[in-house]
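Q: Supplied structure: query_30.csv, CSV, C-alpha atoms (C1' of nucleotides).
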```csv
chain,number,residue,atom,x,y,z
A,1459,MET,CA,235.3,119.4,70.5
A,1460,ALA,CA,234.6,121.6,73.5
A,1461,GLU,CA,232.7,124.1,71.4
A,1462,PRO,CA,233.4,127.5,72.8
A,1463,LEU,CA,230.4,129.2,74.3
A,1464,LEU,CA,229.7,132.9,73.4
A,1465,THR,CA,228.7,135.7,75.7
A,1466,ILE,CA,225.7,137.7,74.7
A,1467,GLY,CA,228.0,140.5,73.6
A,1468,GLU,CA,230.2,138.3,71.4
A,1469,MET,CA,227.2,136.7,69.8
A,1470,ALA,CA,225.4,140.0,69.2
A,1471,ALA,CA,228.5,141.5,67.6
A,1472,ARG,CA,229.1,138.6,65.3
A,1473,ALA,CA,225.5,138.6,64.2
A,1474,GLY,CA,225.4,142.4,63.9
A,1475,VAL,CA,222.6,143.0,66.3
A,1476,ALA,CA,222.3,144.7,69.7
A,1477,THR,CA,222.4,142.7,72.9
A,1478,SER,CA,219.1,144.1,73.8
A,1479,ALA,CA,217.6,142.5,70.8
A,1480,VAL,CA,219.2,139.2,71.7
A,1481,ARG,CA,217.5,139.3,75.2
A,1482,TYR,CA,214.3,140.3,73.6
A,1483,TYR,CA,214.4,137.3,71.2
A,1484,GLU,CA,215.2,135.0,74.1
A,1485,ARG,CA,212.2,136.4,76.0
A,1486,ARG,CA,210.0,135.8,73.0
A,1487,GLY,CA,211.3,132.2,72.7
A,1488,LEU,CA,213.1,132.7,69.4
A,1489,LEU,CA,216.4,131.9,70.9
A,1490,PRO,CA,217.0,129.2,73.5
A,1491,ALA,CA,218.3,130.1,76.9
A,1492,ASP,CA,221.3,128.0,76.4
A,1493,ALA,CA,223.2,128.2,79.7
A,1494,ARG,CA,224.4,130.5,82.4
A,1495,GLU,CA,227.7,131.1,83.9
A,1496,SER,CA,227.3,132.9,87.2
A,1497,GLY,CA,224.2,134.4,86.0
A,1498,GLN,CA,225.4,135.4,82.5
A,1499,ARG,CA,224.2,134.0,79.3
A,1500,ARG,CA,226.5,131.6,77.3
A,1501,TYR,CA,225.4,130.7,73.9
A,1502,LYS,CA,226.2,127.8,71.6
A,1503,GLN,CA,227.6,128.4,68.1
A,1504,GLU,CA,224.3,126.9,66.9
A,1505,THR,CA,222.5,129.7,68.5
A,1506,LEU,CA,224.6,132.3,66.7
A,1507,ARG,CA,223.5,130.7,63.4
A,1508,ARG,CA,219.9,130.8,64.5
A,1509,LEU,CA,220.3,134.4,65.3
A,1510,VAL,CA,221.7,135.1,61.8
A,1511,PHE,CA,218.8,133.1,60.4
A,1512,ILE,CA,216.3,135.3,62.2
A,1513,GLY,CA,217.9,138.3,60.7
A,1514,MET,CA,217.6,136.9,57.2
A,1515,LEU,CA,213.9,136.2,57.7
A,1516,GLN,CA,213.4,139.7,59.0
A,1517,ASP,CA,215.0,141.1,55.9
A,1518,ALA,CA,212.5,139.2,53.9
A,1519,GLY,CA,209.8,141.0,55.7
A,1520,LEU,CA,208.7,138.3,58.1
A,1521,GLY,CA,207.5,139.4,61.5
A,1522,LEU,CA,208.7,137.7,64.7
A,1523,ASP,CA,205.5,135.8,65.0
A,1524,ASP,CA,206.1,134.2,61.6
A,1525,ILE,CA,209.7,133.6,62.4
A,1526,ASP,CA,208.6,131.9,65.6
A,1527,GLY,CA,206.3,129.7,63.6
A,1528,ILE,CA,209.1,128.7,61.3
A,1529,LEU,CA,211.6,128.0,64.0
A,1530,HIS,CA,209.1,125.9,66.0
A,1531,ALA,CA,207.5,124.2,63.0
A,1532,SER,CA,207.1,120.4,63.5
A,1533,GLY,CA,208.0,119.6,59.9
A,1534,ALA,CA,209.1,121.1,56.6
A,1535,ALA,CA,205.5,121.3,55.4
A,1536,GLU,CA,204.7,123.6,58.2
A,1537,TRP,CA,207.5,126.1,57.8
A,1538,LYS,CA,207.3,126.0,54.1
A,1539,ALA,CA,203.6,126.9,54.3
A,1540,ILE,CA,204.5,130.0,56.2
A,1541,GLY,CA,207.5,130.7,53.9
A,1542,THR,CA,205.3,130.3,50.8
A,1543,ARG,CA,202.7,132.7,52.1
A,1544,ARG,CA,205.4,135.3,52.9
A,1545,LEU,CA,207.0,134.8,49.5
A,1546,HIS,CA,203.8,135.7,47.8
A,1547,ALA,CA,203.3,138.7,50.0
A,1548,LEU,CA,206.9,139.7,49.4
A,1549,ASP,CA,206.4,139.4,45.6
A,1550,GLU,CA,203.4,141.5,45.8
A,1551,HIS,CA,205.1,144.1,48.0
A,1552,ILE,CA,208.0,144.3,45.6
A,1553,ALA,CA,205.8,144.8,42.6
A,1554,GLN,CA,203.9,147.5,44.4
A,1555,LEU,CA,207.1,149.3,45.4
A,1556,GLN,CA,208.2,149.0,41.8
A,1557,ARG,CA,205.1,150.7,40.6
A,1558,ALA,CA,205.4,153.4,43.2
A,1559,ARG,CA,209.1,153.9,42.3
A,1560,ASP,CA,208.2,154.4,38.6
A,1561,VAL,CA,205.6,157.0,39.5
A,1562,LEU,CA,208.0,158.8,41.7
A,1563,ALA,CA,210.8,158.7,39.1
A,1564,LEU,CA,208.4,160.1,36.5
A,1565,ALA,CA,207.3,162.9,38.7
A,1566,LEU,CA,210.9,163.9,39.1
A,1567,LEU,CA,211.1,164.5,35.4
A,1568,CYS,CA,208.7,167.4,35.5
A,1569,ARG,CA,210.4,170.3,33.8
A,1570,TYR,CA,208.6,173.3,35.3
A,1571,ASP,CA,208.7,175.0,38.5
A,1572,HIS,CA,205.3,174.2,40.0
A,1573,PRO,CA,204.3,172.6,43.2
A,1574,ALA,CA,204.3,168.8,43.1
A,1575,THR,CA,200.5,168.6,43.3
A,1576,GLU,CA,200.2,170.5,40.1
A,1577,CYS,CA,202.6,168.5,38.1
A,1578,HIS,CA,200.7,167.2,35.1
A,1579,ILE,CA,202.3,163.8,35.4
A,1580,MET,CA,201.2,163.5,39.0
A,1581,GLY,CA,197.9,165.0,38.0
A,1582,ALA,CA,197.3,162.1,35.6
A,1583,GLU,CA,198.2,159.6,38.2
A,1584,ILE,CA,195.9,161.1,40.7
A,1585,ASP,CA,193.1,160.9,38.3
A,1586,ARG,CA,193.8,157.3,37.6
A,1587,ARG,CA,193.6,156.6,41.3
A,1588,LEU,CA,190.4,158.5,41.8
A,1589,GLU,CA,188.7,156.7,38.9
A,1590,GLN,CA,189.8,153.4,40.4
A,1591,THR,CA,188.1,154.0,43.7
A,1592,GLN,CA,185.1,155.4,41.9
A,1593,THR,CA,184.6,152.2,39.9
A,1594,ALA,CA,185.8,149.9,42.6
A,1595,GLN,CA,182.7,150.3,44.7
B,694,MET,CA,181.2,176.8,38.8
B,695,ALA,CA,180.1,176.4,42.5
B,696,GLU,CA,182.4,173.5,42.9
B,697,PRO,CA,180.7,171.1,45.3
B,698,LEU,CA,182.3,170.8,48.7
B,699,LEU,CA,182.9,167.3,50.2
B,700,THR,CA,182.2,166.2,53.7
B,701,ILE,CA,185.0,164.3,55.4
B,702,GLY,CA,183.2,161.1,54.9
B,703,GLU,CA,182.8,161.6,51.2
B,704,MET,CA,186.3,162.6,50.6
B,705,ALA,CA,187.7,159.8,52.7
B,706,ALA,CA,185.6,157.2,50.8
B,707,ARG,CA,186.7,158.6,47.5
B,708,ALA,CA,190.3,158.5,48.4
B,709,GLY,CA,190.0,155.2,50.1
B,710,VAL,CA,191.2,156.2,53.5
B,711,ALA,CA,189.6,156.4,57.0
B,712,THR,CA,188.1,159.6,58.2
B,713,SER,CA,190.3,159.4,61.2
B,714,ALA,CA,193.3,159.5,58.9
B,715,VAL,CA,191.9,162.7,57.3
B,716,ARG,CA,191.6,164.4,60.6
B,717,TYR,CA,195.0,163.3,61.5
B,718,TYR,CA,196.5,164.7,58.3
B,719,GLU,CA,194.7,167.9,58.9
B,720,ARG,CA,196.1,168.1,62.4
B,721,ARG,CA,199.6,167.5,61.0
B,722,GLY,CA,199.1,170.3,58.4
B,723,LEU,CA,199.2,168.0,55.4
B,724,LEU,CA,195.6,168.9,54.5
B,725,PRO,CA,194.2,172.4,54.7
B,726,ALA,CA,191.3,173.1,57.0
B,727,ASP,CA,189.3,174.2,54.1
B,728,ALA,CA,186.0,175.3,55.6
B,729,ARG,CA,183.4,174.5,58.2
B,730,GLU,CA,179.6,174.3,57.9
B,731,SER,CA,178.1,174.3,61.3
B,732,GLY,CA,181.2,172.8,62.7
B,733,GLN,CA,181.7,170.2,60.1
B,734,ARG,CA,184.6,170.0,57.6
B,735,ARG,CA,183.9,170.8,54.0
B,736,TYR,CA,186.7,170.1,51.6
B,737,LYS,CA,187.4,171.3,48.1
B,738,GLN,CA,188.0,168.9,45.2
B,739,GLU,CA,191.5,170.1,45.2
B,740,THR,CA,191.9,168.7,48.7
B,741,LEU,CA,190.7,165.3,47.6
B,742,ARG,CA,193.4,165.3,45.0
B,743,ARG,CA,196.0,166.3,47.6
B,744,LEU,CA,194.8,163.4,49.8
B,745,VAL,CA,195.3,161.0,47.0
B,746,PHE,CA,198.7,162.4,46.3
B,747,ILE,CA,199.6,161.8,49.9
B,748,GLY,CA,198.6,158.2,49.5
B,749,MET,CA,200.8,157.8,46.4
B,750,LEU,CA,203.8,159.2,48.2
B,751,GLN,CA,203.1,156.9,51.2
B,752,ASP,CA,203.0,154.0,48.9
B,753,ALA,CA,206.5,155.0,47.7
B,754,GLY,CA,207.6,154.7,51.2
B,755,LEU,CA,207.7,158.4,52.2
B,756,GLY,CA,206.9,159.3,55.8
B,757,LEU,CA,204.5,162.0,56.6
B,758,ASP,CA,207.4,164.4,57.5
B,759,ASP,CA,208.9,164.0,54.0
B,760,ILE,CA,205.4,164.4,52.5
B,761,ASP,CA,204.9,167.5,54.4
B,762,GLY,CA,208.3,168.8,53.1
B,763,ILE,CA,207.1,168.1,49.5
B,764,LEU,CA,203.7,169.7,50.0
B,765,HIS,CA,205.1,172.8,51.5
B,766,ALA,CA,208.2,173.1,49.4
B,767,SER,CA,208.8,176.6,48.1
B,768,GLY,CA,210.0,175.4,44.7
B,769,ALA,CA,210.5,172.4,42.5
B,770,ALA,CA,214.1,172.2,43.5
B,771,GLU,CA,213.1,171.6,47.1
B,772,TRP,CA,210.6,168.9,46.6
B,773,LYS,CA,212.7,167.2,44.0
B,774,ALA,CA,215.6,167.0,46.4
B,775,ILE,CA,213.4,165.1,48.8
B,776,GLY,CA,211.9,163.0,46.1
B,777,THR,CA,215.3,162.1,44.7
B,778,ARG,CA,216.6,161.1,48.1
B,779,ARG,CA,213.6,158.9,48.6
B,780,LEU,CA,213.9,157.5,45.1
B,781,HIS,CA,217.4,156.2,45.9
B,782,ALA,CA,216.3,154.8,49.2
B,783,LEU,CA,213.4,153.1,47.5
B,784,ASP,CA,215.7,151.6,44.8
B,785,GLU,CA,217.9,150.3,47.5
B,786,HIS,CA,215.0,148.9,49.5
B,787,ILE,CA,213.6,147.2,46.4
B,788,ALA,CA,217.0,145.6,45.7
B,789,GLN,CA,217.3,144.4,49.2
B,790,LEU,CA,213.9,142.9,49.2
B,791,GLN,CA,214.7,141.2,45.9
B,792,ARG,CA,217.8,139.6,47.4
B,793,ALA,CA,215.8,138.5,50.4
B,794,ARG,CA,213.1,137.2,48.2
B,795,ASP,CA,215.6,135.1,46.2
B,796,VAL,CA,217.0,133.6,49.4
B,797,LEU,CA,213.6,132.7,50.7
B,798,ALA,CA,212.5,131.2,47.4
B,799,LEU,CA,215.7,129.1,47.4
B,800,ALA,CA,215.1,127.9,50.9
B,801,LEU,CA,211.6,126.7,49.9
B,802,LEU,CA,213.3,124.4,47.4
B,803,CYS,CA,214.8,122.2,50.1
B,804,ARG,CA,213.8,118.7,49.4
B,805,TYR,CA,214.2,117.1,52.8
B,806,ASP,CA,212.2,117.2,55.9
B,807,HIS,CA,214.5,119.0,58.3
B,808,PRO,CA,214.0,122.1,60.3
B,809,ALA,CA,214.6,125.3,58.4
B,810,THR,CA,217.8,126.2,60.3
B,811,GLU,CA,219.4,122.9,59.1
B,812,CYS,CA,218.6,123.4,55.4
B,813,HIS,CA,221.9,123.3,53.6
B,814,ILE,CA,220.9,126.2,51.4
B,815,MET,CA,220.1,128.3,54.4
B,816,GLY,CA,223.2,127.0,56.1
B,817,ALA,CA,225.3,128.4,53.3
B,818,GLU,CA,223.6,131.7,53.4
B,819,ILE,CA,224.1,131.9,57.1
B,820,ASP,CA,227.8,131.2,56.7
B,821,ARG,CA,228.0,134.0,54.1
B,822,ARG,CA,226.5,136.4,56.5
B,823,LEU,CA,228.7,135.4,59.3
B,824,GLU,CA,231.8,135.9,57.2
B,825,GLN,CA,230.6,139.3,56.2
B,826,THR,CA,230.3,140.6,59.7
B,827,GLN,CA,233.6,139.0,60.6
B,828,THR,CA,235.5,140.7,57.8
B,829,ALA,CA,233.4,143.9,58.0
B,830,GLN,CA,235.0,145.0,61.3
C,998,DT,C1',240.0,147.6,97.6
C,999,DT,C1',239.1,150.1,94.3
C,1000,DG,C1',237.9,150.6,89.8
C,1001,DA,C1',236.7,149.2,85.3
C,1002,DC,C1',233.9,146.4,82.6
C,1003,DA,C1',230.5,143.2,80.9
C,1004,DC,C1',226.9,141.4,82.3
C,1005,DT,C1',221.9,140.8,84.9
C,1006,DT,C1',216.8,142.2,85.8
C,1007,DG,C1',212.1,144.4,85.2
C,1008,DA,C1',209.8,148.2,83.9
C,1009,DA,C1',209.2,152.0,81.3
C,1010,DC,C1',209.8,154.3,77.2
C,1011,DC,C1',210.3,155.2,71.9
C,1012,DC,C1',208.6,155.6,67.0
C,1013,DG,C1',205.1,156.3,63.2
C,1014,DA,C1',200.7,156.3,61.7
C,1015,DG,C1',197.0,156.3,62.8
C,1016,DT,C1',192.6,154.2,65.7
C,1017,DT,C1',189.4,154.1,69.5
C,1018,DG,C1',186.3,155.8,72.9
C,1019,DA,C1',183.5,159.0,75.3
C,1020,DA,C1',180.8,162.8,75.3
C,1021,DG,C1',178.7,166.1,72.6
C,1022,DT,C1',176.5,168.8,68.3
C,1023,DC,C1',173.7,169.3,64.3
C,1024,DA,C1',170.2,168.6,60.5
C,1025,DA,C1',166.9,165.8,58.6
C,1026,DG,C1',163.1,162.4,58.8
C,1027,DT,C1',159.1,160.1,61.2
D,79,DA,C1',159.5,165.0,70.3
D,80,DC,C1',162.6,161.7,69.2
D,81,DT,C1',165.7,159.0,66.6
D,82,DT,C1',169.2,158.4,63.3
D,83,DG,C1',173.4,159.2,61.2
D,84,DA,C1',177.2,161.8,60.3
D,85,DC,C1',179.8,164.6,62.2
D,86,DT,C1',182.8,167.2,66.3
D,87,DT,C1',186.7,167.2,70.1
D,88,DC,C1',190.5,165.5,73.0
D,89,DA,C1',193.0,162.1,75.2
D,90,DA,C1',194.4,157.7,75.4
D,91,DC,C1',195.4,153.6,73.2
D,92,DT,C1',197.4,150.1,69.5
D,93,DC,C1',201.2,147.7,67.2
D,94,DG,C1',206.0,145.8,66.3
D,95,DG,C1',210.4,145.7,67.4
D,96,DG,C1',213.0,146.7,70.1
D,97,DT,C1',215.8,150.5,73.4
D,98,DT,C1',216.8,152.8,77.7
D,99,DC,C1',217.1,153.1,82.5
D,100,DA,C1',218.1,152.2,87.3
D,101,DA,C1',220.0,149.3,90.4
D,102,DG,C1',222.6,145.4,91.2
D,103,DT,C1',226.2,141.2,90.4
D,104,DG,C1',230.5,138.9,89.1
D,105,DT,C1',235.4,138.9,87.6
D,106,DC,C1',239.7,140.6,86.8
D,107,DA,C1',243.9,143.7,87.1
D,108,DA,C1',246.6,147.4,89.6
```
So, in terms of structure tokens, how does the structure I just supplied come out?

A:
Amino acid sequence: MAEPLLTIGEMAARAGVATSAVRYYERRGLLPADARESGQRRYKQETLRRLVFIGMLQDAGLGLDDIDGILHASGAAEWKAIGTRRLHALDEHIAQLQRARDVLALALLCRYDHPATECHIMGAEIDRRLEQTQTAQ
Amino acid sequence: MAEPLLTIGEMAARAGVATSAVRYYERRGLLPADARESGQRRYKQETLRRLVFIGMLQDAGLGLDDIDGILHASGAAEWKAIGTRRLHALDEHIAQLQRARDVLALALLCRYDHPATECHIMGAEIDRRLEQTQTAQ
DNA sequence: TTGACACTTGAACCCGAGTTGAAGTCAAGT
DNA sequence: ACTTGACTTCAACTCGGGTTCAAGTGTCAA
């Protein structure tokens, strides 16, 4: 089998991250300090997969603390709890961005040459927001 | 008309932001330094609306530099150019989050009690990613 | 043996968007 | 007269996720 070990540079390139990030993850305990060959890091294939996995979770908006929690969870229940929490947060985040997107798109439809703050569409949105905070207290 | 002026505290509360943020925006030139009454800021209603507007753009993912560009644009063409760029970025961002969301949701469906990295669904995703970076060079 | 090259370390620095703290000012109320 | 409360300034700090730097080590080829 003699699985070939990867240098930090190879692994980083294959995962599409900087070597500095790999060292940082190792420092944070997200990646194992697999082995050293005359002082230099040599990583297992498995560690490359873990590195890619970290990237996927980051894309989903998880912070390195959460990722650490998932990687070091003692059972599926534990990492799924974190994942579920983040999934909800992500859904909410997406919905919020979608609303913001729609407002922005609408504003771009303004036909006249006035400053953005005076756009009647934006004006209506601003009023909506102001009323919300008024009534929210 | 004698439009009532707002103290920084009132304005911040109505817009739902911290007073420190208002001072910060003023320093950055996003808000006008309307007036002072014995050293204290007094803002026009219009400035409150501008503050809310800033919040809306922030929600849409714009940075304060872009917001500054929009607020100080010399014509609609200028602010719309910024807005359009950010709208595209926002669309891409939402799409990317959506993909990440789907992967995360899928991973949570794993039925067995193994660590997240060994989940076969994640495993497949990891392989997809690895192949992408392989072929992408 | 000299150079190129990829790697090593720890510490310091970067960014954006504010927040925090210390020390002071001002007007109103008791 | 004193306290309270909201404000003022400026500089320094926070946070997350790294990046950059200086100085050094190890290996290979010409």

Q: Per residue of chain C within 9 Å of chain B, which atom pair is closest and at what distance in Å (one decimal), using all atoms listed in the file, listed by chain and increasing number, as JSON lines?

A:
```
{"residue": "C:DG1013", "atom": "C1'", "partner": "B:Gly756", "partner_atom": "CA", "distance": 8.2}
{"residue": "C:DA1014", "atom": "C1'", "partner": "B:Ala714", "partner_atom": "CA", "distance": 8.5}
{"residue": "C:DG1015", "atom": "C1'", "partner": "B:Ala714", "partner_atom": "CA", "distance": 6.3}
{"residue": "C:DT1016", "atom": "C1'", "partner": "B:Ser713", "partner_atom": "CA", "distance": 7.3}
{"residue": "C:DT1022", "atom": "C1'", "partner": "B:Gly732", "partner_atom": "CA", "distance": 8.3}
{"residue": "C:DC1023", "atom": "C1'", "partner": "B:Ser731", "partner_atom": "CA", "distance": 7.3}
```

Q: Here is a test: counting only C-alpha atoms, which residue of B:Arg734, B:His786, B:Arg707, B:Arg720 is nearest to Gly1519 of chain A?

A: B:His786

Q: Write down, as an MDAnalysis selection string, each residue of chain B that has any atom within 6 Å of an atom of chain A, counting all atoms listed in the file.

A: chainID B and resid 753 769 793 806

Q: One number please: atom CA of Asp1492 of chain A to atom C1' of DG102 of chain D, in Å, one decimal.

A: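 Between these atoms lies a distance of 22.9 Å.
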
Q: Using Å and a single decimal, report how far atom C1' of DT105 of chain D sits from atom CA of Thr1465 of chain A.

A: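 Separation of atom CA of Thr1465 of chain A and atom C1' of DT105 of chain D: 14.0 Å.
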
Q: Check the smallest atom-to-atom distance from each of D:DA90, D:DA101, D:DA79, D:DC85 to DT1005 of chain C using only C-alpha atoms (C1' of nucleotides), then report the winner.

A: D:DA101

Q: If the cut-off is 12 Å, can you tell me the residues of chain D near chain B, counting all atoms listed in the file? I'd like them as a count of residues only.

A: 5

Q: To one decimal place, how far is atom C1' of DT81 of chain D from atom C1' of DA1024 of chain C in Å?

A: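 Computing it gives 12.2 Å between the two atoms.
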
Q: So, counting all atoms listed in the file, which residue among D:DA107, D:DC88, D:DC93, D:DC80 is closest to DG1021 of chain C?

A: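 Checking each of D:DA107, D:DC88, D:DC93, D:DC80 against DG1021 of chain C, counting all atoms listed in the file, the winner is D:DC88.
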